Every structure is written in C-alpha cells, then in structure tokens.
>>> print(open('my_file-v3.csv').read())   # CSV, C-alpha atoms
chain,number,residue,atom,x,y,z
E,113,MET,CA,54.1,-104.5,65.4
E,114,LEU,CA,54.3,-100.7,65.8
E,115,ALA,CA,57.6,-100.7,64.0
E,116,ARG,CA,56.2,-102.6,61.1
E,117,PHE,CA,53.3,-100.1,60.8
E,118,ALA,CA,55.7,-97.1,60.9
E,119,ARG,CA,57.8,-98.6,58.2
E,120,SER,CA,54.7,-99.1,55.9
E,121,LEU,CA,53.4,-95.6,56.6
E,122,GLU,CA,56.8,-94.2,55.8
E,123,GLY,CA,56.9,-96.1,52.5
E,124,GLY,CA,53.4,-94.8,51.6
E,125,MET,CA,54.5,-91.3,52.1
E,126,MET,CA,57.5,-91.9,49.9
E,127,ILE,CA,55.2,-93.1,47.1
E,128,ALA,CA,53.0,-90.1,47.6
E,129,ASP,CA,56.0,-87.8,47.4
E,130,ASP,CA,57.0,-89.4,44.1
E,131,ILE,CA,53.6,-88.5,42.4
E,132,ASP,CA,53.7,-85.2,40.3
E,133,PHE,CA,50.3,-83.4,40.8
E,134,ASP,CA,49.4,-80.6,38.2
E,135,PRO,CA,47.8,-77.5,39.8
E,136,PRO,CA,44.1,-77.1,38.8
E,137,PRO,CA,43.5,-74.7,35.8
E,138,PRO,CA,42.2,-71.2,36.5
E,139,PRO,CA,38.4,-70.8,36.0
E,140,ARG,CA,37.7,-69.7,32.4
E,141,ARG,CA,35.9,-66.4,31.9
E,142,PRO,CA,32.4,-66.6,30.4
E,143,PHE,CA,32.4,-66.4,26.6
E,144,PHE,CA,30.9,-63.0,26.2
E,145,ARG,CA,33.3,-61.4,28.7
E,146,ARG,CA,36.3,-62.1,26.5
E,147,LYS,CA,37.8,-58.9,25.1
E,148,ARG,CA,38.3,-60.3,21.6
E,149,VAL,CA,34.5,-60.8,21.4
E,150,LEU,CA,33.3,-57.8,23.5
E,151,ILE,CA,35.3,-55.1,21.5
E,152,PRO,CA,34.0,-56.1,18.1
E,153,LEU,CA,30.5,-56.5,19.4
E,154,ALA,CA,30.7,-53.0,21.1
E,155,LEU,CA,31.9,-51.4,17.9
E,156,LEU,CA,29.2,-53.1,15.8
E,157,LEU,CA,26.5,-52.0,18.3
E,158,ALA,CA,27.9,-48.5,18.2
E,159,ILE,CA,27.7,-48.5,14.4
E,160,VAL,CA,24.1,-49.8,14.4
E,161,VAL,CA,23.0,-47.3,17.0
E,162,GLY,CA,24.7,-44.4,15.2
E,163,PHE,CA,23.2,-45.4,11.9
E,164,LEU,CA,19.7,-45.6,13.5
E,165,LEU,CA,20.2,-42.2,15.2
E,166,LEU,CA,21.3,-40.6,11.9
E,167,LEU,CA,18.7,-42.3,9.8
E,168,THR,CA,16.6,-39.5,8.2
E,169,PRO,CA,13.2,-40.4,6.7
E,170,ASP,CA,11.6,-38.7,3.7
E,171,THR,CA,9.6,-35.6,4.4
E,172,ASP,CA,5.9,-35.6,4.1
E,173,ARG,CA,4.7,-34.8,0.6
E,174,ASP,CA,1.6,-32.8,1.5
E,175,ALA,CA,3.4,-30.8,4.2
E,176,MET,CA,6.2,-29.9,1.8
E,177,ILE,CA,3.7,-28.8,-0.9
E,178,ALA,CA,1.9,-26.6,1.6
E,179,LYS,CA,5.2,-25.1,2.9
E,180,TYR,CA,7.1,-24.6,-0.3
E,181,GLY,CA,4.4,-24.5,-2.9
E,182,GLY,CA,1.8,-22.5,-1.2
E,183,PRO,CA,-2.0,-22.5,-1.8
E,184,ASN,CA,-1.5,-21.8,-5.5
E,185,ALA,CA,1.1,-24.5,-6.2
E,186,ALA,CA,0.8,-25.5,-9.9
E,187,PHE,CA,1.5,-29.0,-11.3
E,188,VAL,CA,1.3,-30.4,-14.8
E,189,ALA,CA,1.1,-34.0,-15.8
E,190,GLY,CA,3.4,-35.4,-18.5
E,191,PRO,CA,3.1,-38.3,-20.8
E,192,ALA,CA,5.5,-40.5,-18.8
E,193,GLY,CA,3.6,-40.0,-15.6
E,194,GLN,CA,5.5,-36.9,-14.5
E,195,ARG,CA,3.9,-34.4,-12.2
E,196,ILE,CA,6.0,-31.3,-12.7
E,197,HIS,CA,5.8,-28.4,-10.3
E,198,TYR,CA,6.2,-25.0,-11.9
E,199,ARG,CA,5.6,-21.3,-11.4
E,200,ASP,CA,4.5,-18.8,-14.0
E,201,GLN,CA,5.3,-15.3,-12.8
E,202,GLY,CA,6.2,-11.8,-14.0
E,203,LYS,CA,4.7,-9.8,-16.9
E,204,ALA,CA,2.0,-11.8,-18.6
E,205,GLY,CA,2.6,-10.2,-22.0
E,206,GLY,CA,6.4,-10.0,-21.8
E,207,PRO,CA,9.0,-12.2,-23.6
E,208,ALA,CA,9.0,-15.6,-21.8
E,209,ILE,CA,12.1,-16.8,-20.0
E,210,ILE,CA,12.2,-20.5,-18.8
E,211,LEU,CA,14.8,-20.9,-16.1
E,212,VAL,CA,16.2,-24.4,-15.1
E,213,HIS,CA,17.9,-25.0,-11.7
E,214,GLY,CA,20.9,-27.1,-10.9
E,215,ALA,CA,21.4,-30.4,-9.2
E,216,ASN,CA,19.7,-30.8,-5.8
E,217,ALA,CA,18.3,-27.3,-6.0
E,218,SER,CA,14.7,-26.2,-6.8
E,219,LEU,CA,12.8,-23.4,-8.6
E,220,HIS,CA,13.2,-21.3,-5.5
E,221,THR,CA,16.8,-20.5,-6.5
E,222,TRP,CA,15.3,-18.2,-9.2
E,223,GLU,CA,13.1,-16.1,-7.0
E,224,PRO,CA,15.6,-13.3,-6.7
E,225,LEU,CA,15.7,-12.9,-10.5
E,226,VAL,CA,11.9,-13.1,-10.7
E,227,LYS,CA,11.7,-10.1,-8.4
E,228,ARG,CA,14.2,-8.1,-10.5
E,229,LEU,CA,13.2,-9.1,-14.0
E,230,GLY,CA,9.5,-9.9,-13.6
E,231,ALA,CA,8.4,-6.3,-14.5
E,232,THR,CA,9.7,-6.8,-18.0
E,233,TYR,CA,9.7,-10.6,-18.6
E,234,ARG,CA,7.3,-13.5,-18.1
E,235,ILE,CA,9.4,-15.9,-16.0
E,236,VAL,CA,8.6,-19.6,-15.9
E,237,THR,CA,10.5,-21.8,-13.4
E,238,LEU,CA,10.1,-25.5,-12.7
E,239,ASP,CA,11.3,-28.3,-10.4
E,240,LEU,CA,13.1,-30.8,-12.6
E,241,PRO,CA,12.3,-34.5,-12.2
E,242,GLY,CA,13.8,-35.8,-9.0
E,243,HIS,CA,13.9,-32.3,-7.5
E,244,GLY,CA,11.8,-30.0,-5.4
E,245,LEU,CA,8.1,-30.7,-5.3
E,246,THR,CA,8.2,-32.6,-8.5
E,247,GLY,CA,9.9,-35.6,-6.8
E,248,ALA,CA,10.4,-38.9,-8.4
E,249,THR,CA,8.9,-39.7,-11.8
E,250,PRO,CA,7.5,-43.2,-12.8
E,251,ASP,CA,10.0,-43.6,-15.7
E,252,THR,CA,13.0,-42.6,-13.5
E,253,ASP,CA,14.4,-40.8,-16.5
E,254,TYR,CA,16.8,-38.2,-15.0
E,255,SER,CA,18.9,-37.9,-18.1
E,256,ALA,CA,19.3,-34.8,-20.2
E,257,GLU,CA,16.4,-36.1,-22.3
E,258,GLY,CA,14.2,-36.6,-19.3
E,259,MET,CA,14.9,-33.1,-18.1
E,260,MET,CA,14.3,-31.6,-21.5
E,261,ASN,CA,11.0,-33.5,-21.6
E,262,ALA,CA,10.0,-31.8,-18.4
E,263,VAL,CA,10.7,-28.4,-20.0
E,264,ASP,CA,8.5,-29.4,-22.9
E,265,VAL,CA,5.7,-30.5,-20.7
E,266,VAL,CA,5.6,-27.1,-18.9
E,267,ALA,CA,6.0,-25.1,-22.1
E,268,ALA,CA,3.1,-27.0,-23.7
E,269,LYS,CA,0.9,-26.4,-20.7
E,270,LEU,CA,1.6,-22.6,-21.0
E,271,GLY,CA,1.3,-22.5,-24.8
E,272,LEU,CA,5.0,-21.4,-25.2
E,273,ASP,CA,6.2,-22.3,-28.7
E,274,HIS,CA,9.5,-20.5,-28.2
E,275,PHE,CA,11.2,-18.7,-25.3
E,276,ILE,CA,14.5,-17.5,-23.8
E,277,LEU,CA,16.1,-20.5,-22.0
E,278,GLY,CA,18.5,-20.2,-19.1
E,279,GLY,CA,20.0,-22.6,-16.6
E,280,ASN,CA,22.5,-22.9,-13.7
E,281,SER,CA,25.0,-25.7,-13.3
E,282,MET,CA,23.2,-28.9,-14.3
E,283,GLY,CA,20.3,-26.7,-15.5
E,284,GLY,CA,22.8,-25.0,-17.8
E,285,TRP,CA,23.8,-28.4,-19.2
E,286,VAL,CA,20.1,-29.1,-19.8
E,287,SER,CA,19.6,-25.7,-21.4
E,288,TRP,CA,22.4,-26.0,-24.0
E,289,ARG,CA,21.4,-29.5,-24.7
E,290,TYR,CA,17.9,-28.3,-25.4
E,291,ALA,CA,19.2,-25.5,-27.7
E,292,LEU,CA,21.0,-28.2,-29.7
E,293,ALA,CA,17.9,-30.5,-29.8
E,294,GLN,CA,15.3,-27.8,-30.6
E,295,PRO,CA,17.0,-24.7,-31.9
E,296,SER,CA,13.9,-23.2,-33.4
E,297,ARG,CA,12.3,-22.9,-30.0
E,298,VAL,CA,15.1,-21.1,-28.2
E,299,ASP,CA,15.2,-17.3,-28.8
E,300,ALA,CA,18.3,-16.8,-26.6
E,301,LEU,CA,20.4,-18.8,-24.2
E,302,LEU,CA,21.5,-17.9,-20.7
E,303,LEU,CA,24.3,-20.1,-19.3
E,304,ILE,CA,24.9,-19.4,-15.6
E,305,ASP,CA,27.8,-21.4,-14.2
E,306,ALA,CA,26.7,-24.1,-16.6
E,307,ALA,CA,28.0,-27.6,-16.6
E,308,GLY,CA,29.1,-29.8,-19.5
E,309,MET,CA,32.4,-28.5,-20.8
E,310,PRO,CA,35.6,-30.6,-20.6
E,311,LEU,CA,38.6,-29.5,-18.5
E,312,ARG,CA,41.1,-27.3,-20.3
E,313,PRO,CA,44.6,-28.6,-20.9
E,314,GLY,CA,46.5,-28.9,-17.6
E,315,GLU,CA,43.4,-28.2,-15.4
E,316,LYS,CA,42.5,-30.2,-12.4
E,317,ARG,CA,39.0,-31.1,-11.3
E,318,PRO,CA,37.4,-28.4,-9.2
E,319,GLU,CA,37.2,-28.7,-5.4
E,320,SER,CA,33.4,-29.4,-5.4
E,321,ASN,CA,31.5,-29.9,-2.1
E,322,VAL,CA,31.2,-32.6,0.4
E,323,GLY,CA,27.8,-33.8,-0.9
E,324,PHE,CA,29.0,-34.3,-4.4
E,325,ARG,CA,32.2,-36.0,-3.2
E,326,VAL,CA,30.2,-38.5,-1.2
E,327,LEU,CA,28.2,-39.5,-4.3
E,328,GLU,CA,31.4,-40.5,-6.1
E,329,TYR,CA,31.6,-43.8,-4.0
E,330,PRO,CA,29.2,-46.8,-4.1
E,331,PHE,CA,28.9,-46.9,-0.3
E,332,GLY,CA,28.3,-43.1,-0.2
E,333,ARG,CA,25.5,-43.4,-2.8
E,334,TRP,CA,23.9,-46.2,-0.7
E,335,LEU,CA,24.2,-44.1,2.4
E,336,ALA,CA,22.9,-41.0,0.7
E,337,THR,CA,19.4,-42.5,0.3
E,338,ARG,CA,19.2,-43.2,4.0
E,339,VAL,CA,21.3,-40.8,6.0
E,340,THR,CA,21.0,-37.1,5.2
E,341,PRO,CA,21.9,-35.0,8.2
E,342,ARG,CA,21.1,-31.3,8.0
E,343,MET,CA,24.7,-30.5,8.9
E,344,LEU,CA,25.9,-32.3,5.7
E,345,VAL,CA,23.4,-30.3,3.6
E,346,GLU,CA,24.6,-27.1,5.2
E,347,GLN,CA,28.3,-27.9,4.5
E,348,SER,CA,27.5,-28.8,0.9
E,349,LEU,CA,25.5,-25.6,0.4
E,350,ARG,CA,28.3,-23.5,1.9
E,351,GLY,CA,30.9,-25.3,-0.2
E,352,SER,CA,29.0,-24.1,-3.3
E,353,LEU,CA,28.9,-20.5,-2.3
E,354,GLU,CA,31.4,-17.7,-1.9
E,355,LYS,CA,29.0,-15.2,-0.3
E,356,GLN,CA,28.4,-17.1,3.0
E,357,GLU,CA,26.3,-14.3,4.5
E,358,ILE,CA,23.3,-15.3,2.2
E,359,VAL,CA,23.0,-18.6,4.0
E,360,ASP,CA,20.4,-18.7,6.8
E,361,ASP,CA,18.4,-21.3,8.6
E,362,ALA,CA,15.4,-21.0,6.2
E,363,MET,CA,17.7,-21.6,3.2
E,364,ILE,CA,19.3,-24.6,4.8
E,365,ASP,CA,16.0,-26.1,5.8
E,366,ARG,CA,14.6,-25.6,2.2
E,367,TYR,CA,17.5,-27.5,0.6
E,368,TRP,CA,17.5,-30.2,3.4
E,369,GLU,CA,13.7,-30.8,3.4
E,370,LEU,CA,13.3,-30.8,-0.4
E,371,LEU,CA,16.2,-33.1,-0.9
E,372,ARG,CA,14.2,-35.5,1.3
E,373,PHE,CA,11.0,-35.0,-0.6
E,374,PRO,CA,9.8,-38.6,-1.6
E,375,GLY,CA,12.0,-40.0,-4.4
E,376,ASN,CA,14.5,-37.1,-4.6
E,377,ARG,CA,17.3,-38.9,-2.8
E,378,GLU,CA,17.0,-42.0,-5.0
E,379,ALA,CA,16.9,-39.8,-8.0
E,380,THR,CA,20.1,-38.1,-6.8
E,381,VAL,CA,21.9,-41.4,-6.7
E,382,LEU,CA,20.6,-42.5,-10.1
E,383,ARG,CA,21.9,-39.2,-11.6
E,384,ALA,CA,25.3,-39.7,-9.9
E,385,ARG,CA,25.7,-43.0,-11.9
E,386,MET,CA,24.3,-41.6,-15.1
E,387,ASP,CA,26.3,-41.1,-18.3
E,388,ARG,CA,26.6,-37.4,-18.8
E,389,GLU,CA,27.5,-37.9,-22.4
E,390,PRO,CA,30.6,-35.7,-22.5
E,391,ARG,CA,31.0,-36.3,-26.2
E,392,VAL,CA,28.0,-34.1,-26.9
E,393,ALA,CA,30.1,-31.1,-25.7
E,394,ALA,CA,31.9,-31.2,-29.1
E,395,ARG,CA,28.6,-30.1,-30.7
E,396,VAL,CA,28.0,-27.0,-28.6
E,397,GLY,CA,29.4,-25.0,-31.5
E,398,GLU,CA,26.3,-25.7,-33.4
E,399,ILE,CA,24.4,-23.3,-31.2
E,400,GLU,CA,23.5,-20.1,-33.2
E,401,VAL,CA,21.2,-18.2,-30.9
E,402,PRO,CA,22.4,-15.2,-28.9
E,403,THR,CA,24.2,-16.7,-25.8
E,404,LEU,CA,25.2,-15.1,-22.5
E,405,ILE,CA,27.8,-17.0,-20.5
E,406,LEU,CA,27.7,-15.7,-16.9
E,407,PHE,CA,30.1,-17.2,-14.2
E,408,GLY,CA,31.2,-16.4,-10.7
E,409,ASP,CA,35.0,-16.3,-10.6
E,410,LYS,CA,35.1,-18.1,-7.3
E,411,ASP,CA,33.1,-21.1,-8.4
E,412,ARG,CA,34.3,-24.3,-6.7
E,413,ILE,CA,31.9,-26.7,-8.4
E,414,ILE,CA,32.7,-25.9,-12.0
E,415,ASN,CA,36.0,-24.3,-13.0
E,416,PRO,CA,35.3,-20.7,-14.0
E,417,SER,CA,37.5,-21.3,-17.1
E,418,ALA,CA,34.6,-23.2,-18.5
E,419,ALA,CA,33.2,-19.8,-19.4
E,420,LYS,CA,36.1,-19.4,-21.8
E,421,THR,CA,35.5,-22.8,-23.3
E,422,PHE,CA,31.8,-22.0,-24.0
E,423,ASN,CA,32.8,-18.6,-25.4
E,424,GLU,CA,35.4,-20.2,-27.8
E,425,ARG,CA,32.9,-22.8,-29.0
E,426,ILE,CA,29.7,-20.7,-29.4
E,427,ALA,CA,30.1,-18.1,-32.1
E,428,GLY,CA,29.0,-14.6,-31.0
E,429,SER,CA,28.5,-15.5,-27.4
E,430,GLU,CA,29.3,-13.0,-24.6
E,431,VAL,CA,30.9,-13.6,-21.2
E,432,VAL,CA,30.3,-11.9,-17.9
E,433,MET,CA,32.5,-12.9,-15.0
E,434,LEU,CA,31.3,-11.7,-11.6
E,435,PRO,CA,34.2,-11.1,-9.2
E,436,GLY,CA,33.9,-12.6,-5.7
E,437,ILE,CA,30.9,-14.8,-6.6
E,438,GLY,CA,30.6,-18.6,-6.3
E,439,HIS,CA,28.4,-21.2,-8.0
E,440,LEU,CA,25.0,-19.5,-7.6
E,441,PRO,CA,25.2,-15.9,-9.0
E,442,MET,CA,21.4,-15.6,-9.1
E,443,GLU,CA,21.3,-16.0,-5.3
E,444,GLU,CA,24.7,-14.5,-4.3
E,445,ALA,CA,24.6,-11.5,-6.6
E,446,PRO,CA,21.0,-11.1,-7.9
E,447,ASP,CA,21.3,-7.4,-8.8
E,448,ALA,CA,24.5,-7.9,-10.9
E,449,THR,CA,23.1,-11.1,-12.5
E,450,ALA,CA,19.7,-9.5,-13.4
E,451,LYS,CA,21.4,-6.5,-14.8
E,452,ALA,CA,23.7,-8.6,-17.0
E,453,ILE,CA,20.8,-10.6,-18.3
E,454,ALA,CA,18.6,-7.5,-19.0
E,455,ASP,CA,21.5,-5.7,-20.7
E,456,PHE,CA,22.3,-8.7,-22.9
E,457,LEU,CA,18.7,-9.4,-23.9
E,458,THR,CA,18.0,-5.7,-24.7
E,459,ARG,CA,21.0,-5.6,-27.0
E,460,ARG,CA,20.8,-9.0,-28.6
E,461,LEU,CA,17.2,-10.2,-28.7
E,462,VAL,CA,14.7,-9.2,-31.3
E,463,ALA,CA,11.5,-9.3,-29.3
E,464,PRO,CA,9.2,-12.1,-30.5
E,465,PRO,CA,5.4,-11.8,-30.4
E,466,PRO,CA,4.2,-12.3,-26.8
E,467,ALA,CA,2.7,-15.5,-25.8
E,468,ASN,CA,-1.1,-15.6,-25.2
E,469,PRO,CA,-1.4,-14.6,-21.5
E,470,GLU,CA,-4.6,-16.6,-21.3
E,471,THR,CA,-2.5,-19.8,-21.2
E,472,ARG,CA,-1.1,-19.0,-17.8
>>> encode(input="my_file-v3.csv", output="structure tokens")
Amino acid sequence: MLARFARSLEGGMMIADDIDFDPPPPPRRPFFRRKRVLIPLALLLAIVVGFLLLLTPDTDRDAMIAKYGGPNAAFVAGPAGQRIHYRDQGKAGGPAIILVHGANASLHTWEPLVKRLGATYRIVTLDLPGHGLTGATPDTDYSAEGMMNAVDVVAAKLGLDHFILGGNSMGGWVSWRYALAQPSRVDALLLIDAAGMPLRPGEKRPESNVGFRVLEYPFGRWLATRVTPRMLVEQSLRGSLEKQEIVDDAMIDRYWELLRFPGNREATVLRARMDREPRVAARVGEIEVPTLILFGDKDRIINPSAAKTFNERIAGSEVVMLPGIGHLPMEEAPDATAKAIADFLTRRLVAPPPANPETR
C-alpha cells in the first residue's frame, strides 16, 4: 500500500514538473510617474509659471499722467474721440515748430531741443495716437492719416494755420507725408533720421533693435501685448542709440511705463501689421518747402544712406550728418542738433507772422 502511494506521488510530481509556469509581471508604475508624461508636464508647467511671472500689466492711467504729464498736463479732444496729450512751450510770439516723435517714444524725446530752441521758437510737441499719455484712440487709426489728424487737432486747438514741422523716425515719415498732403501749412520741414525711403541698390536692411525684431513675427506680436519686461525695453532702447551714456534708469522707466500705458501695446502691434504705403515715397519729390535732413551716421534703425535718398529727391534740401550719433540725435547730441536746426531756419526761412499767443 505504501509502495502504491509512493508511485502515485512520484507521478504527480512528474506532472507538476511538466507544467511551464510564467513569472508574475513586475508591478506597473503609477501613470503620472512615467517619464514620458512627467517630462512634458513639467515643461508645460514651467512655461505657464514663467509666462505668469513675466506677465506685465498696463500701468495706471492717472498715475502716469501725474508722473509724466505733471499738474499742467494738456489734452485736446479730436473728432474721432482722440484725447491727444500735447505741450506748448518756448517763445509765445516766435515762429511755431511742431515736433513729432518716433515709434514707441513720446513727446519727452524733444525736451532737450525745447530747452535749446525755446528762447527763439514756440515749440509744440504731442504724443501721437497709441503713444505716451495719449494712449489708444477709439477709431484705432494708427496710420499716417491718423497721425496727421492728431497734428491737425493740436494745431487747431492752438490756432496754428501754418508752422515748421519736424519729426524723428516714424514721426519724420508722418511729417513728410503731412507736407505732401497739406503743403500750404508747412513753412519748413525737419527730417531727423526720418523713415519712409526705400533701400538703395545693393543695401541690406538695417540691424534694428530687439523690440522691432520681435514684432516681425505673429507670436512675437501676440506676446508683446502681454509680456513687456523692463530688460527688453532697455535692450531695445540701447540698440537704437550710439551714445549709451545718456541712458539712465529714469529714461528706461519712462519708455517702459509709457509703452504699458493703456492701449499703447495693442497700438504697437496694430502698427506693426500696418501697410506703410511705400509707394508714396515716389512722391517725396513734390515737396517744395525748405527741408533739412539730419541723420546720425551710426543709426542702426534706418540706414543713414536714407539721408542721401531724401536729398536726391527733395530739390534744394540740405543734409547734416552727425558723426558718432545713432537714431535719436535730439537726445544723443542735442547741442549739435539744435545748432543745425537754428542755422538752417535762420538761412532758409522767411519768418511768417507769429501766431496769436492767446491761443496757447
């Protein structure tokens, strides 16, 4: 009996030995611990956190007016709902000069010239639509026409039927466009590193600055309305200048804070997508008023050779090239710029009757 049990047990063990058992699978990691999920999620989280940390809100309208306009800040309403910020300074009975700033700047850029020319000339400056303390305009017209309308609004407020007109960069573009549109109102034209001329044969586009380069791309334009770090504004400002020593914290803050004035960043993006109507440059030769073309020879925003193009196309125009100066001569070299303007106007301008000082 024991022998038979042993034989059956032995047979069972043989059967068991013939069965192929698979080892149990290793325990699976929880879903969110997998690298292929964790790494993308970490990157996405880092991007979101970084975006939120860099997000820069608009500045406060009233605080900016108090800081950069002062207690006597002057505004004038236009027919399209504009609220144009302007200053009327200098000699009340002197020949009037209206000065128009460039892209992303403000009327503050002209203060060095006001100090140097104000004893002789009545100097009117304004913040263009989408700039400075003017901010956004209800009609969102940031074209040359919209900018020229702003000049008209201020001129009408001050009773100026005619005036000397000057501009820097985009403001220069607005100025020569205005001289074409309303030649009887412009006594003389001052083009300071003015925009609007085509590249000369064989020329490459200028280096520009980081801010303007960002605006060339759709994502950059989207980002520019939401993320505006002070460092980026400083780099863009320094990229426009040759005389780096004029840049200080107050200057950087002014550009940075006014760029974030309500509506200005959105206006900047709209302008970046705007048709600059390059075909109109062919008409610049129609300008007949005395014209001074003043450029810094180290301009990295507009090729200094544009001065030659303006000079070739505008009969009787004069060129002054400032050595070692960048895109903003009125801030980088105010003495030389003021002297060139005063000398030119003394020689070329027949003094018109002064405007009524009571309209100030």
>>> residues_near_point(input="my_file-v3.csv", point="(11.7, -41.2, -13.1)", cutoff="12 Å", atoms="all atoms listed in the file", output="PyMOL selection string")
chain E and resi 190-196+240-243+246-255+257-259+261-262+374-380+382-383
>>> closest_residue(input="my_file-v3.csv", among="E:Trp288, E:Val265, E:Asp411, E:Asp299", to="Leu457 in chain E", atoms="only C-alpha atoms")
E:Asp299
>>> atom_distance(input="my_file-v3.csv", atom1="CA of Glu354 in chain E", atom2="CA of Gly438 in chain E")
4.6 Å
>>> residues_near_point(input="my_file-v3.csv", point="(26.0, -13.8, -21.4)", cutoff="7 Å", atoms="all atoms listed in the file", output="list in words")
Leu302, Leu303, Thr403, Leu404, Ile405, Leu406, Ser429, Glu430, Val431, Val432, Ile453 and Phe456 of chain E
>>> residues_around(input="my_file-v3.csv", residues="range 416-427 of chain E", least_positions_apart="3", cutoff="10 Å", atoms="only C-alpha atoms", output="ChimeraX atom specification")
/E:303-312,315,318,393-413,430-433,438-439
>>> write_last_selection(input="my_file-v3.csv", atoms="C-alpha atoms", output="short mmCIF file (atom, residue, chain, number, x, y, z; two decimals), in the frame of the given file")
data_model
loop_
_atom_site.label_atom_id
_atom_site.label_comp_id
_atom_site.auth_asym_id
_atom_site.auth_seq_id
_atom_site.Cartn_x
_atom_site.Cartn_y
_atom_site.Cartn_z
CA LEU E 303 24.30 -20.10 -19.30
CA ILE E 304 24.90 -19.40 -15.60
CA ASP E 305 27.80 -21.40 -14.20
CA ALA E 306 26.70 -24.10 -16.60
CA ALA E 307 28.00 -27.60 -16.60
CA GLY E 308 29.10 -29.80 -19.50
CA MET E 309 32.40 -28.50 -20.80
CA PRO E 310 35.60 -30.60 -20.60
CA LEU E 311 38.60 -29.50 -18.50
CA ARG E 312 41.10 -27.30 -20.30
CA GLU E 315 43.40 -28.20 -15.40
CA PRO E 318 37.40 -28.40 -9.20
CA ALA E 393 30.10 -31.10 -25.70
CA ALA E 394 31.90 -31.20 -29.10
CA ARG E 395 28.60 -30.10 -30.70
CA VAL E 396 28.00 -27.00 -28.60
CA GLY E 397 29.40 -25.00 -31.50
CA GLU E 398 26.30 -25.70 -33.40
CA ILE E 399 24.40 -23.30 -31.20
CA GLU E 400 23.50 -20.10 -33.20
CA VAL E 401 21.20 -18.20 -30.90
CA PRO E 402 22.40 -15.20 -28.90
CA THR E 403 24.20 -16.70 -25.80
CA LEU E 404 25.20 -15.10 -22.50
CA ILE E 405 27.80 -17.00 -20.50
CA LEU E 406 27.70 -15.70 -16.90
CA PHE E 407 30.10 -17.20 -14.20
CA GLY E 408 31.20 -16.40 -10.70
CA ASP E 409 35.00 -16.30 -10.60
CA LYS E 410 35.10 -18.10 -7.30
CA ASP E 411 33.10 -21.10 -8.40
CA ARG E 412 34.30 -24.30 -6.70
CA ILE E 413 31.90 -26.70 -8.40
CA GLU E 430 29.30 -13.00 -24.60
CA VAL E 431 30.90 -13.60 -21.20
CA VAL E 432 30.30 -11.90 -17.90
CA MET E 433 32.50 -12.90 -15.00
CA GLY E 438 30.60 -18.60 -6.30
CA HIS E 439 28.40 -21.20 -8.00
#
>>> atom_distance(input="my_file-v3.csv", atom1="CA of Trp222 in chain E", atom2="CA of Met442 in chain E")
6.6 Å
>>> atom_distance(input="my_file-v3.csv", atom1="CA of Ser218 in chain E", atom2="CA of Gly279 in chain E")
11.7 Å
>>> closest_residue(input="my_file-v3.csv", among="E:Asp239, E:Tyr290, E:Gly428, E:Arg342", to="His274 in chain E", atoms="all atoms listed in the file")
E:Tyr290
>>> residues_around(input="my_file-v3.csv", residues="range 363-365 of chain E", least_positions_apart="6", cutoff="8 Å", atoms="all atoms listed in the file", output="ChimeraX atom specification")
/E:342,345-346,349
>>> write_last_selection(input="my_file-v3.csv", atoms="C-alpha atoms", output="CSV table (one decimal), keeping the file's coordinate frame")
chain,number,residue,atom,x,y,z
E,342,ARG,CA,21.1,-31.3,8.0
E,345,VAL,CA,23.4,-30.3,3.6
E,346,GLU,CA,24.6,-27.1,5.2
E,349,LEU,CA,25.5,-25.6,0.4
>>> closest_residue(input="my_file-v3.csv", among="E:Arg391, E:Ala215, E:Val236, E:Gly181", to="Gly202 in chain E", atoms="all atoms listed in the file")
E:Val236
>>> residues_around(input="my_file-v3.csv", residues="Ala231 in chain E", least_positions_apart="5", cutoff="10 Å", atoms="only C-alpha atoms", output="PDB file with C-alpha atoms, in the coordinates of the input")
ATOM      1  CA  GLN E 201       5.300 -15.300 -12.800  1.00  0.00           C
ATOM      2  CA  GLY E 202       6.200 -11.800 -14.000  1.00  0.00           C
ATOM      3  CA  LYS E 203       4.700  -9.800 -16.900  1.00  0.00           C
ATOM      4  CA  ALA E 204       2.000 -11.800 -18.600  1.00  0.00           C
ATOM      5  CA  GLY E 206       6.400 -10.000 -21.800  1.00  0.00           C
ATOM      6  CA  VAL E 226      11.900 -13.100 -10.700  1.00  0.00           C
TER       7      VAL E 226
END
>>> residues_around(input="my_file-v3.csv", residues="Phe373 in chain E", least_positions_apart="5", cutoff="8 Å", atoms="only C-alpha atoms", output="list of chain:residue names")
E:Asp170, E:Thr171, E:Asp172, E:Arg173, E:Met176, E:His243, E:Gly244, E:Leu245, E:Gly247
